[in-house]
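Have a look at the structure below before the remarks.
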Amino acid sequence: MSYDLHLFRPRPDEDPDTTARRESDLPTTPADPQKEALKRKVASALISLNPQLEVFQFGYDAIAKSQNISVEEARVKFRHFELNGPEDGNGIQITLFDDEASVTVPYWHQGPKAVEVFREIWRYLERIHDEAGYLVFDPQLERILDLSNDFDAAVNCYIGVVAMTTPMVDTTVLQQKKPWWRFW
């Protein structure tokens, strides 16, 4: 379980709330050089904020084998950038897709530590917004965030969920470097 934030590029012909709620699929077409350059630019900007962030290296051979696809198809489908902190870190994960991004954090931080972690998340959100022009949708609050005003609402929502779920969660599973659902 994680607190999820969805970042997206607004579309000129669509209400931003509609765009924010749209489900995305993994890509099936070759990479667009401009989108790849933007992902690299955003990743570099985030790493400059926190040099401990690392881009996860996908095992394309294993993915291809497990999904019964070619390695090239795996490279097309899994071309997003996944940035993770150190193994003993706070569990924040940033994923940069062609036209959107996500920031997630597991529900294991409480009190002042939760506030500290959300301050770090906020710096990432602001940097992604500055570099890519993305807006931030918070599915937990069910609204597009105003990064200059909504910090308290988001962190309070997170703290509230942690308070309700802490007795039910095995944090040893959540604190693994590789997400528990990854098989490669």
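Naming scheme: A, B, ... for chains in displayed order of the structure tokens; residues 1 onward per chain; ligands 1 onward as shown.
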As a count of residues only, list the residues of chain A assigned to strand (DSSP E) by DSSP on the backbone atoms of this structure. 30
Residues near His109 in chain A, anyone? I mean within 10 Å using only C-alpha atoms, not counting same-chain ones fewer than 4 positions away, as a list in words.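 In the requested format, the answer is Asn90, Gly91, Val105, Lys113, Ala114, Val115, Glu116, Val117, Phe118, Tyr158, Ile159, Val162, Ala163 and Thr166 of chain A.
Distance check against Asn50 in chain A using only C-alpha atoms: of A:Pro33, A:Gly85, A:Pro10, A:Pro27, the minimum falls on A:Gly85.
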9 Å contact set for Leu46 in chain A, only C-alpha atoms, chain neighbours under 4 positions out, as a ChimeraX atom specification: /A:41-42,50-51,53,83,123-124,127-128
Using CA of His129 in chain A and CA of Gly111 in chain A as the two end points, give the distance in Å to one decimal.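 Separation of CA of His129 in chain A and CA of Gly111 in chain A: 26.8 Å.
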Would you mind telling me which residue in A:Val71, A:Trp108, A:Ala43, A:Ser48 lies nearest to Gly160 in chain A when using only C-alpha atoms? A:Trp108
Identify, on the basis of only C-alpha atoms, every residue whose closest approach to range 56-68 of chain A does not exceed 9 Å; exclude the query and any residue fewer than 6 positions from it along the same chain; express the result as a list in words. Ala74, Arg75, Phe78, Arg79, Phe81, Glu82, Leu83, Asn84, Phe183 and Trp184 of chain A
From a DSSP calculation on the backbone, collect every residue of chain A in helix (DSSP H, G or I) and output the set as a ChimeraX atom specification. /A:16-21,33-49,60-67,71-77,111-132,151-168,171-174
Range 140-151 of chain A environment, 8 Å, only C-alpha atoms, sequence neighbours closer than 6 positions dropped, as a ChimeraX atom specification: /A:3-4,17,20,118,122,125-126,157
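Here CA of Tyr107 in chain A stands at a distance of 6.3 Å from CA of Met1 in chain A.
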Excluding Thr29 in chain A and any residue of its chain fewer than 3 positions from it, enumerate the residues within 9 Å of it, using only C-alpha atoms, and give them as an MDAnalysis selection string. chainID A and resid 32 76:77
Could you list, as a list of chain:residue names, every residue within 8 Å of Arg9 in chain A, counting only C-alpha atoms and ignoring same-chain residues fewer than 5 positions away? A:Asp99, A:Glu100, A:Ala132, A:Gly133, A:Tyr134, A:Leu135
To one decimal in Å, tell me the separation between CA of Leu5 in chain A and CA of Asp138 in chain A.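 So the answer is 5.0 Å.
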Taking only C-alpha atoms into account, which of A:Met164, A:Val136, A:Thr104, A:Asp152 comes nearest Pro16 in chain A?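 The shortest atom-to-atom distance to Pro16 in chain A comes from A:Val136.
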Nearest to Arg40 in chain A by atom-to-atom distance, counting only C-alpha atoms, from A:Leu96, A:Ile69, A:Leu7, A:Val103: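 Result for the nearest residue to Arg40 in chain A: A:Leu96.
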